[in-house]
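What follows is input_15.pdb (PDB, C-alpha atoms).
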ATOM      1  CA  MET A   1     101.372  -5.325 152.055
ATOM      2  CA  LYS A   2     103.470  -8.467 151.681
ATOM      3  CA  ILE A   3     102.960 -11.463 153.956
ATOM      4  CA  VAL A   4     105.102 -14.606 153.839
ATOM      5  CA  ILE A   5     104.063 -17.518 156.081
ATOM      6  CA  ASN A   6     106.101 -20.597 156.901
ATOM      7  CA  PRO A   7     104.160 -23.575 155.454
ATOM      8  CA  LYS A   8     104.520 -25.356 158.820
ATOM      9  CA  TYR A   9     102.385 -22.635 160.409
ATOM     10  CA  LYS A  10      99.661 -22.137 157.811
ATOM     11  CA  HIS A  11      97.122 -22.790 160.572
ATOM     12  CA  LEU A  12      98.165 -19.425 162.067
ATOM     13  CA  THR A  13      97.353 -17.492 158.888
ATOM     14  CA  GLN A  14      94.379 -15.657 160.415
ATOM     15  CA  PHE A  15      96.482 -14.443 163.341
ATOM     16  CA  VAL A  16      99.408 -13.437 161.109
ATOM     17  CA  GLU A  17      97.154 -11.416 158.819
ATOM     18  CA  SER A  18      95.689  -9.606 161.830
ATOM     19  CA  VAL A  19      99.051  -8.562 163.306
ATOM     20  CA  PRO A  20      99.278  -5.033 161.805
ATOM     21  CA  SER A  21      95.828  -4.130 163.131
ATOM     22  CA  ILE A  22      96.074  -5.711 166.603
ATOM     23  CA  PHE A  23      99.715  -5.020 167.442
ATOM     24  CA  PRO A  24      99.192  -1.463 168.783
ATOM     25  CA  THR A  25      96.569  -2.489 171.365
ATOM     26  CA  GLN A  26      96.993  -6.190 172.092
ATOM     27  CA  GLY A  27      99.726  -8.533 173.278
ATOM     28  CA  GLU A  28     102.175  -8.298 176.179
ATOM     29  CA  SER A  29     105.044  -5.920 175.498
ATOM     30  CA  ILE A  30     108.351  -7.424 176.681
ATOM     31  CA  TYR A  31     110.709  -4.943 175.029
ATOM     32  CA  LYS A  32     110.232  -1.428 173.742
ATOM     33  CA  ALA A  33     112.898   0.923 172.469
ATOM     34  CA  ARG A  34     113.672   1.601 168.819
ATOM     35  CA  ASN A  35     111.690  -1.555 168.006
ATOM     36  CA  GLU A  36     109.019  -3.300 170.053
ATOM     37  CA  ILE A  37     108.507  -6.965 170.884
ATOM     38  CA  LYS A  38     105.199  -8.378 172.075
ATOM     39  CA  VAL A  39     104.080 -11.863 173.053
ATOM     40  CA  PHE A  40     100.651 -13.123 171.982
ATOM     41  CA  ASN A  41      98.850 -16.244 173.155
ATOM     42  CA  VAL A  42      97.155 -17.914 170.201
ATOM     43  CA  ASP A  43      95.300 -21.133 171.021
ATOM     44  CA  GLY A  44      97.755 -21.867 173.816
ATOM     45  CA  ILE A  45     100.817 -21.088 171.690
ATOM     46  CA  ALA A  46     103.144 -18.281 172.807
ATOM     47  CA  ILE A  47     104.025 -16.228 169.745
ATOM     48  CA  ASN A  48     106.644 -13.510 169.563
ATOM     49  CA  VAL A  49     106.039 -10.519 167.271
ATOM     50  CA  LYS A  50     108.789  -7.996 166.641
ATOM     51  CA  ALA A  51     107.679  -4.719 165.058
ATOM     52  CA  TYR A  52     110.535  -2.808 163.470
ATOM     53  CA  LYS A  53     110.525   0.959 163.502
ATOM     54  CA  VAL A  54     109.737   2.633 160.183
ATOM     55  CA  PRO A  55     113.166   3.258 158.579
ATOM     56  CA  ILE A  56     114.442   6.714 157.734
ATOM     57  CA  PHE A  57     113.577   7.787 154.178
ATOM     58  CA  ILE A  58     116.828   6.722 152.503
ATOM     59  CA  ASN A  59     116.610   3.281 154.097
ATOM     60  CA  ARG A  60     113.002   2.944 152.968
ATOM     61  CA  ILE A  61     114.319   3.259 149.410
ATOM     62  CA  VAL A  62     117.139   0.783 150.090
ATOM     63  CA  TYR A  63     114.799  -1.804 151.624
ATOM     64  CA  SER A  64     112.254  -1.331 148.867
ATOM     65  CA  PHE A  65     114.592  -1.853 145.916
ATOM     66  CA  PHE A  66     118.082  -2.997 146.906
ATOM     67  CA  ARG A  67     118.131  -5.005 150.134
ATOM     68  CA  GLU A  68     115.917  -7.350 152.127
ATOM     69  CA  THR A  69     114.190  -5.810 155.147
ATOM     70  CA  LYS A  70     115.284  -6.726 158.662
ATOM     71  CA  ALA A  71     112.094  -8.740 159.093
ATOM     72  CA  GLN A  72     112.742 -10.803 155.972
ATOM     73  CA  ARG A  73     116.371 -11.377 156.916
ATOM     74  CA  ALA A  74     115.343 -12.515 160.400
ATOM     75  CA  TYR A  75     112.918 -14.995 158.829
ATOM     76  CA  ASP A  76     115.353 -16.295 156.203
ATOM     77  CA  TYR A  77     118.256 -16.518 158.640
ATOM     78  CA  ALA A  78     116.131 -18.421 161.170
ATOM     79  CA  LEU A  79     115.375 -21.055 158.529
ATOM     80  CA  LYS A  80     119.079 -21.222 157.642
ATOM     81  CA  LEU A  81     120.180 -21.582 161.278
ATOM     82  CA  LEU A  82     117.691 -24.352 161.967
ATOM     83  CA  SER A  83     118.841 -26.203 158.849
ATOM     84  CA  LEU A  84     122.376 -26.107 160.294
ATOM     85  CA  GLY A  85     121.260 -27.429 163.661
ATOM     86  CA  VAL A  86     121.589 -24.069 165.416
ATOM     87  CA  GLU A  87     118.753 -23.299 167.805
ATOM     88  CA  THR A  88     116.718 -20.136 167.287
ATOM     89  CA  PRO A  89     112.978 -19.486 167.715
ATOM     90  CA  ALA A  90     111.084 -21.113 164.838
ATOM     91  CA  PRO A  91     110.058 -18.514 162.229
ATOM     92  CA  ILE A  92     106.344 -18.265 161.540
ATOM     93  CA  ALA A  93     106.077 -15.333 159.125
ATOM     94  CA  TYR A  94     107.163 -11.852 158.171
ATOM     95  CA  ILE A  95     105.094  -8.878 157.078
ATOM     96  CA  ILE A  96     106.114  -5.838 155.047
ATOM     97  CA  GLU A  97     103.802  -2.821 155.043
ATOM     98  CA  THR A  98     104.290  -0.154 152.400
ATOM     99  CA  ARG A  99     103.454   3.527 152.272
ATOM    100  CA  GLY A 100     103.714   5.582 149.097
ATOM    101  CA  GLY A 101     105.245   2.597 147.338
ATOM    102  CA  LEU A 102     108.076   2.303 149.883
ATOM    103  CA  VAL A 103     108.706  -0.029 152.810
ATOM    104  CA  ALA A 104     107.215   1.255 156.065
ATOM    105  CA  ARG A 105     106.656  -0.888 159.174
ATOM    106  CA  THR A 106     107.736  -4.538 159.096
ATOM    107  CA  TYR A 107     107.112  -7.464 161.443
ATOM    108  CA  PHE A 108     108.909 -10.713 162.215
ATOM    109  CA  ILE A 109     106.782 -13.411 163.826
ATOM    110  CA  SER A 110     108.210 -16.485 165.557
ATOM    111  CA  LEU A 111     107.526 -18.939 168.318
ATOM    112  CA  HIS A 112     108.381 -17.470 171.707
ATOM    113  CA  THR A 113     111.434 -19.148 173.235
ATOM    114  CA  PRO A 114     111.114 -20.477 176.800
ATOM    115  CA  LEU A 115     114.781 -19.733 177.461
ATOM    116  CA  ASP A 116     115.218 -16.671 179.667
ATOM    117  CA  GLY A 117     118.859 -16.703 180.803
ATOM    118  CA  ASN A 118     121.078 -14.116 179.105
ATOM    119  CA  PHE A 119     124.689 -13.136 179.335
ATOM    120  CA  ARG A 120     124.181  -9.823 181.088
ATOM    121  CA  LEU A 121     124.928 -11.753 184.276
ATOM    122  CA  PHE A 122     128.638 -11.726 183.388
ATOM    123  CA  GLY A 123     128.567  -7.966 183.853
ATOM    124  CA  ASP A 124     127.288  -8.372 187.420
ATOM    125  CA  VAL A 125     130.371  -8.015 189.629
ATOM    126  CA  SER A 126     128.403  -9.272 192.648
ATOM    127  CA  ILE A 127     128.357 -12.790 191.144
ATOM    128  CA  PRO A 128     131.590 -14.721 191.901
ATOM    129  CA  PHE A 129     133.073 -15.789 188.579
ATOM    130  CA  GLU A 130     133.766 -19.335 189.782
ATOM    131  CA  THR A 131     130.015 -19.930 190.050
ATOM    132  CA  VAL A 132     129.525 -19.120 186.363
ATOM    133  CA  ARG A 133     132.819 -20.433 184.963
ATOM    134  CA  PRO A 134     131.177 -23.645 183.623
ATOM    135  CA  LEU A 135     128.679 -21.491 181.711
ATOM    136  CA  ALA A 136     131.486 -19.348 180.263
ATOM    137  CA  GLU A 137     133.333 -22.474 179.129
ATOM    138  CA  ALA A 138     130.180 -23.977 177.597
ATOM    139  CA  PHE A 139     129.501 -20.682 175.832
ATOM    140  CA  ALA A 140     133.017 -20.641 174.350
ATOM    141  CA  ARG A 141     132.595 -24.191 173.020
ATOM    142  CA  TYR A 142     129.170 -23.293 171.637
ATOM    143  CA  THR A 143     130.626 -20.272 169.829
ATOM    144  CA  ALA A 144     133.407 -22.409 168.396
ATOM    145  CA  GLU A 145     130.766 -24.819 167.045
ATOM    146  CA  LEU A 146     128.877 -21.909 165.454
ATOM    147  CA  HIS A 147     132.011 -20.636 163.761
ATOM    148  CA  GLU A 148     132.965 -24.109 162.546
ATOM    149  CA  LYS A 149     129.504 -24.257 160.937
ATOM    150  CA  GLN A 150     130.311 -20.929 159.237
ATOM    151  CA  VAL A 151     127.771 -19.022 161.320
ATOM    152  CA  LEU A 152     128.780 -15.540 162.476
ATOM    153  CA  HIS A 153     126.312 -13.457 164.498
ATOM    154  CA  VAL A 154     127.374  -9.874 163.792
ATOM    155  CA  ASP A 155     125.537  -8.538 166.863
ATOM    156  CA  TYR A 156     126.867 -11.129 169.339
ATOM    157  CA  SER A 157     125.889  -9.198 172.452
ATOM    158  CA  PRO A 158     124.644 -10.337 175.901
ATOM    159  CA  GLY A 159     120.928  -9.953 175.208
ATOM    160  CA  ASN A 160     121.061 -11.891 171.942
ATOM    161  CA  ILE A 161     122.230 -15.236 173.333
ATOM    162  CA  LEU A 162     119.751 -17.031 175.577
ATOM    163  CA  PHE A 163     120.474 -20.133 177.628
ATOM    164  CA  GLU A 164     119.207 -22.562 180.202
ATOM    165  CA  LYS A 165     120.950 -25.169 182.327
ATOM    166  CA  LYS A 166     119.731 -28.688 181.613
ATOM    167  CA  GLU A 167     119.187 -31.418 184.199
ATOM    168  CA  ASP A 168     122.461 -33.127 183.277
ATOM    169  CA  GLY A 169     124.402 -29.935 184.027
ATOM    170  CA  SER A 170     125.051 -29.022 180.385
ATOM    171  CA  TYR A 171     123.745 -25.856 178.766
ATOM    172  CA  ARG A 172     121.308 -25.164 175.950
ATOM    173  CA  PHE A 173     121.753 -21.999 173.879
ATOM    174  CA  SER A 174     119.533 -20.105 171.446
ATOM    175  CA  LEU A 175     120.271 -17.128 169.178
ATOM    176  CA  ILE A 176     117.845 -14.232 168.831
ATOM    177  CA  ASP A 177     117.839 -10.844 167.074
ATOM    178  CA  ILE A 178     119.336 -12.549 164.051
ATOM    179  CA  ASN A 179     118.746 -10.089 161.219
ATOM    180  CA  ARG A 180     122.505  -9.358 161.204
ATOM    181  CA  MET A 181     124.218 -12.641 160.319
ATOM    182  CA  LYS A 182     127.000 -13.848 158.062
ATOM    183  CA  PHE A 183     127.318 -17.375 156.739
ATOM    184  CA  CYS A 184     130.953 -17.645 155.806
ATOM    185  CA  GLU A 185     134.287 -19.079 156.878
ATOM    186  CA  VAL A 186     135.227 -17.574 160.254
ATOM    187  CA  ASP A 187     138.973 -17.202 160.700
ATOM    188  CA  GLU A 188     140.830 -16.691 163.974
ATOM    189  CA  ARG A 189     140.747 -12.899 163.922
ATOM    190  CA  GLU A 190     137.067 -12.647 162.954
ATOM    191  CA  GLY A 191     136.148 -15.317 165.485
ATOM    192  CA  CYS A 192     137.923 -13.540 168.330
ATOM    193  CA  LYS A 193     136.407 -10.209 167.314
ATOM    194  CA  ALA A 194     132.922 -11.733 167.711
ATOM    195  CA  PHE A 195     133.300 -11.614 171.514
ATOM    196  CA  ALA A 196     133.963  -7.855 171.612
ATOM    197  CA  ARG A 197     130.384  -6.870 172.445
ATOM    198  CA  MET A 198     130.118  -9.239 175.408
ATOM    199  CA  TRP A 199     130.235  -7.945 178.995
ATOM    200  CA  GLY A 200     132.308  -9.315 181.834
ATOM    201  CA  ILE A 201     135.426  -9.153 183.934
ATOM    202  CA  GLU A 202     138.825  -9.955 182.438
ATOM    203  CA  GLU A 203     138.702 -13.506 183.804
ATOM    204  CA  PHE A 204     135.570 -14.152 181.767
ATOM    205  CA  PHE A 205     137.304 -13.143 178.538
ATOM    206  CA  ARG A 206     140.457 -15.092 179.395
ATOM    207  CA  THR A 207     138.392 -18.205 180.071
ATOM    208  CA  VAL A 208     136.418 -17.808 176.860
ATOM    209  CA  ALA A 209     139.621 -17.221 174.878
ATOM    210  CA  ARG A 210     141.298 -20.352 176.256
ATOM    211  CA  VAL A 211     138.365 -22.684 175.628
ATOM    212  CA  TYR A 212     137.526 -21.158 172.231
ATOM    213  CA  ALA A 213     141.142 -21.406 171.055
ATOM    214  CA  GLU A 214     141.458 -25.024 172.209
ATOM    215  CA  ALA A 215     138.168 -25.970 170.509
ATOM    216  CA  ARG A 216     139.270 -24.485 167.174
ATOM    217  CA  GLY A 217     142.945 -25.419 167.310
ATOM    218  CA  PHE A 218     144.194 -21.841 167.645
ATOM    219  CA  ASP A 219     147.043 -20.521 169.779
ATOM    220  CA  VAL A 220     145.654 -19.685 173.245
ATOM    221  CA  GLU A 221     147.939 -16.719 173.926
ATOM    222  CA  ARG A 222     147.255 -15.144 170.539
ATOM    223  CA  CYS A 223     143.483 -15.633 170.904
ATOM    224  CA  THR A 224     143.542 -14.189 174.407
ATOM    225  CA  LYS A 225     145.365 -11.070 173.225
ATOM    226  CA  LEU A 226     143.013 -10.614 170.281
ATOM    227  CA  ILE A 227     139.855 -10.996 172.368
ATOM    228  CA  LEU A 228     141.096  -8.634 175.103
ATOM    229  CA  ASP A 229     142.235  -6.052 172.539
ATOM    230  CA  PHE A 230     138.924  -6.153 170.666
ATOM    231  CA  GLN A 231     136.947  -5.945 173.903
ATOM    232  CA  ASN A 232     138.976  -2.952 175.107
ATOM    233  CA  GLU A 233     138.409  -1.201 171.773
ATOM    234  CA  GLU A 234     134.676  -1.842 172.024
ATOM    235  CA  GLN A 235     134.568  -0.561 175.601
ATOM    236  CA  ALA A 236     136.432   2.604 174.612
ATOM    237  CA  TYR A 237     133.930   3.138 171.780
ATOM    238  CA  ARG A 238     130.994   2.692 174.186
ATOM    239  CA  ASP A 239     132.553   5.129 176.646
ATOM    240  CA  ARG A 240     132.928   7.779 173.913
ATOM    241  CA  LYS A 241     129.378   7.138 172.694
ATOM    242  CA  TYR A 242     127.860   7.506 176.151
ATOM    243  CA  ALA A 243     129.970  10.595 176.874
ATOM    244  CA  ARG A 244     128.665  12.250 173.683
ATOM    245  CA  ARG A 245     125.109  11.277 174.587
ATOM    246  CA  ASP A 246     125.491  12.782 178.056
ATOM    247  CA  LYS A 247     126.922  15.991 176.624
ATOM    248  CA  ILE A 248     124.023  16.311 174.184
ATOM    249  CA  ALA A 249     121.507  15.691 176.971
ATOM    250  CA  ALA A 250     123.199  18.304 179.168
ATOM    251  CA  PHE A 251     123.218  20.801 176.291
ATOM    252  CA  LYS A 252     119.496  20.252 175.672
ATOM    253  CA  GLU A 253     118.766  20.824 179.352
ATOM    254  CA  LYS A 254     120.797  24.016 179.250
ATOM    255  CA  LEU A 255     118.827  25.250 176.237
ATOM    256  CA  LYS A 256     115.564  24.579 178.086
ATOM    257  CA  GLY A 257     116.748  26.841 180.854
ATOM    258  CA  LEU A 258     117.312  29.690 178.419
ATOM    259  CA  PHE A 259     113.773  29.756 177.029
TER     260      PHE A 259
END
Would you put the structure from the file into structure tokens?
Amino acid sequence: MKIVINPKYKHLTQFVESVPSIFPTQGESIYKARNEIKVFNVDGIAINVKAYKVPIFINRIVYSFFRETKAQRAYDYALKLLSLGVETPAPIAYIIETRGGLVARTYFISLHTPLDGNFRLFGDVSIPFETVRPLAEAFARYTAELHEKQVLHVDYSPGNILFEKKEDGSYRFSLIDINRMKFCEVDEREGCKAFARMWGIEEFFRTVARVYAEARGFDVERCTKLILDFQNEEQAYRDRKYARRDKIAAFKEKLKGLF
């Protein structure tokens, strides 16, 4: 087992080392699907632990010999983001368990962010867009700042950008689920494509396109077309994906009825 601890959090070594043994039975689970996230209270500190699912066999080989694990990337990228002035939960440690000489379960440990607003609200048609327009504009400017800093979140989806409104009316943002990042020059096309996985009505995307284009000195009409085209492509992909999933589920139910 490999354990790497951020020197700033050496005082949490005992907790970090205990994570593999206590994770199954302790902590408050706040997300559970392919991976699971739990929050632990350690001496009054809220700590977030993300346990990644054991990879399929071929990926166990890849992560063992050719590529960093998701946990290690999340840790390294968090340090990189913070060095660039981009907010993300402070990384505490990562753990790599092995089985038969290959990577098995891995963990990424960080401080738990107090921010709880996420962009799924833009998919809620019951919320009048005018009430959230300032947030959409602030988000577009924030994204432009990220891209100018050569930061590209590959999984820029609603649940991975947290925010809160500050007392002065401005917004604070934080990136999570950061194991898929690129640190490179972000051109107009790549920057516009980053918004494809967001949810919202057309007015949301038009607003984001206008503010983003103005912030980066791009043509507003061209950015708007690119963002809408990429979003429509992504939505069509999701529709096909969910249709296939529904067909498979229906087929499985039909098979159950035959036996």
Exercise. Identify, on the basis of only C-alpha atoms, every residue whose closest approach to Ser126 (chain A) does not exceed 12 Å; exclude the query and any residue fewer than 6 positions from it along the same chain; express the result as a PyMOL selection string.
Key: chain A and resi 132+200-201
Practice problem: Rank nothing, just name the residue among A:Glu164, A:Glu203, A:Asp177, A:Glu185 nearest to Val49 (chain A), using only C-alpha atoms. | Solution: A:Asp177
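Compared by their closest atoms to Ile61 (chain A), and using only C-alpha atoms, the residues A:Leu79, A:Val19, A:Ala104, A:Val42 rank with A:Ala104 nearest.
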Quiz prompt | Which of A:Gly101, A:Gly217, A:Pro114, A:Pro158 sits closest to Val39 (chain A) [using all atoms listed in the file] | solution =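 Between A:Gly101, A:Gly217, A:Pro114, A:Pro158, the residue approaching Val39 (chain A) most closely is A:Pro114.
In this model, the gap between CA of Ile176 (chain A) and CA of Leu111 (chain A) comes to 11.4 Å.
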Result set of the PyMOL selection byres ((chain A and resi 14-17) around 8) on the coordinates above, as an mmCIF file with C-alpha atoms, in the frame of the given file:
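Everything below was put into selection-v4.cif:
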data_model
loop_
_atom_site.group_PDB
_atom_site.id
_atom_site.type_symbol
_atom_site.label_atom_id
_atom_site.label_comp_id
_atom_site.auth_asym_id
_atom_site.auth_seq_id
_atom_site.Cartn_x
_atom_site.Cartn_y
_atom_site.Cartn_z
ATOM 1 C CA ILE A 3 102.960 -11.463 153.956
ATOM 2 C CA ILE A 5 104.063 -17.518 156.081
ATOM 3 C CA HIS A 11 97.122 -22.790 160.572
ATOM 4 C CA LEU A 12 98.165 -19.425 162.067
ATOM 5 C CA THR A 13 97.353 -17.492 158.888
ATOM 6 C CA SER A 18 95.689 -9.606 161.830
ATOM 7 C CA VAL A 19 99.051 -8.562 163.306
ATOM 8 C CA PRO A 20 99.278 -5.033 161.805
ATOM 9 C CA VAL A 42 97.155 -17.914 170.201
ATOM 10 C CA ALA A 93 106.077 -15.333 159.125
ATOM 11 C CA ILE A 109 106.782 -13.411 163.826
#
So which residues touch Ile30 (chain A) within 10 Å, counting only C-alpha atoms, skipping near sequence neighbours fewer than 4 positions away, as a PDB file with C-alpha atoms, keeping the file's coordinate frame?
ATOM      1  CA  GLU A  36     109.019  -3.300 170.053  1.00  0.00           C
ATOM      2  CA  ILE A  37     108.507  -6.965 170.884  1.00  0.00           C
ATOM      3  CA  LYS A  38     105.199  -8.378 172.075  1.00  0.00           C
ATOM      4  CA  VAL A  39     104.080 -11.863 173.053  1.00  0.00           C
ATOM      5  CA  ASN A  48     106.644 -13.510 169.563  1.00  0.00           C
TER       6      ASN A  48
END
Quiz item: Expressed in Å to a single decimal, how great is the separation between CA of Phe195 (chain A) and CA of Phe122 (chain A)?
Solution: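 Separation of CA of Phe195 (chain A) and CA of Phe122 (chain A): 12.8 Å.
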Quiz item: Nearest to Tyr156 (chain A): which of A:Phe205, A:Trp199, A:Phe129, A:Tyr94 is it, counting all atoms listed in the file?
Solution: A:Trp199
Quiz item: Applied to the shown file, which residues does the PyMOL selection byres ((chain A and resi 192) around 9) return, written as a ChimeraX atom specification?
Solution: /A:187-191,193-196,209,212-213,223-224,226-228,230
Quiz prompt | Point-to-point distance from CA of Ala236 (chain A) to CA of Leu135 (chain A), Å rounded to tenths | solution = 26.3 Å
Quiz prompt | Contacts of Val186 (chain A) at 12 Å (all atoms listed in the file; same-chain gap of 4+ positions) as a VMD selection string | solution = chain A and resid 143 to 154 182 190 to 194 216
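Every residue that the PyMOL selection byres ((chain A and resi 57) around 12) selects in this file is listed here: Lys53, Val54, Pro55, Ile56, Ile58, Asn59, Arg60, Ile61, Val62, Tyr63, Ser64, Arg99, Gly100, Gly101, Leu102, Val103 and Ala104 of chain A.
Closest approach to Lys80 (chain A) among A:Gln235, A:Glu221, A:Lys2, A:Asn179 is made by A:Asn179 (distances from only C-alpha atoms).
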Quiz item: Nearest to Tyr9 (chain A) among A:Ala71, A:Asp76, A:Gly159, A:Ile92, with distances taken over all atoms listed in the file: which residue is it?
Solution: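 Looking at the shortest contact to Tyr9 (chain A), the residue is A:Ile92.
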I'd like the contact shell of Val211 (chain A) - 8 Å cut-off, all atoms listed in the file, skipping same-chain residues fewer than 4 positions apart - returned as a PDB file with C-alpha atoms, in the frame of the given file.
ATOM      1  CA  GLU A 137     133.333 -22.474 179.129  1.00  0.00           C
ATOM      2  CA  ALA A 140     133.017 -20.641 174.350  1.00  0.00           C
ATOM      3  CA  ARG A 141     132.595 -24.191 173.020  1.00  0.00           C
ATOM      4  CA  THR A 207     138.392 -18.205 180.071  1.00  0.00           C
ATOM      5  CA  ALA A 215     138.168 -25.970 170.509  1.00  0.00           C
TER       6      ALA A 215
END
Practice problem: Give me the residues within 10 Å of Asn41 (chain A) as an NGL selection string, counting all atoms listed in the file and dropping any in the same chain fewer than 5 places off. | Solution: :A and (27-28 or 46-48 or 112)
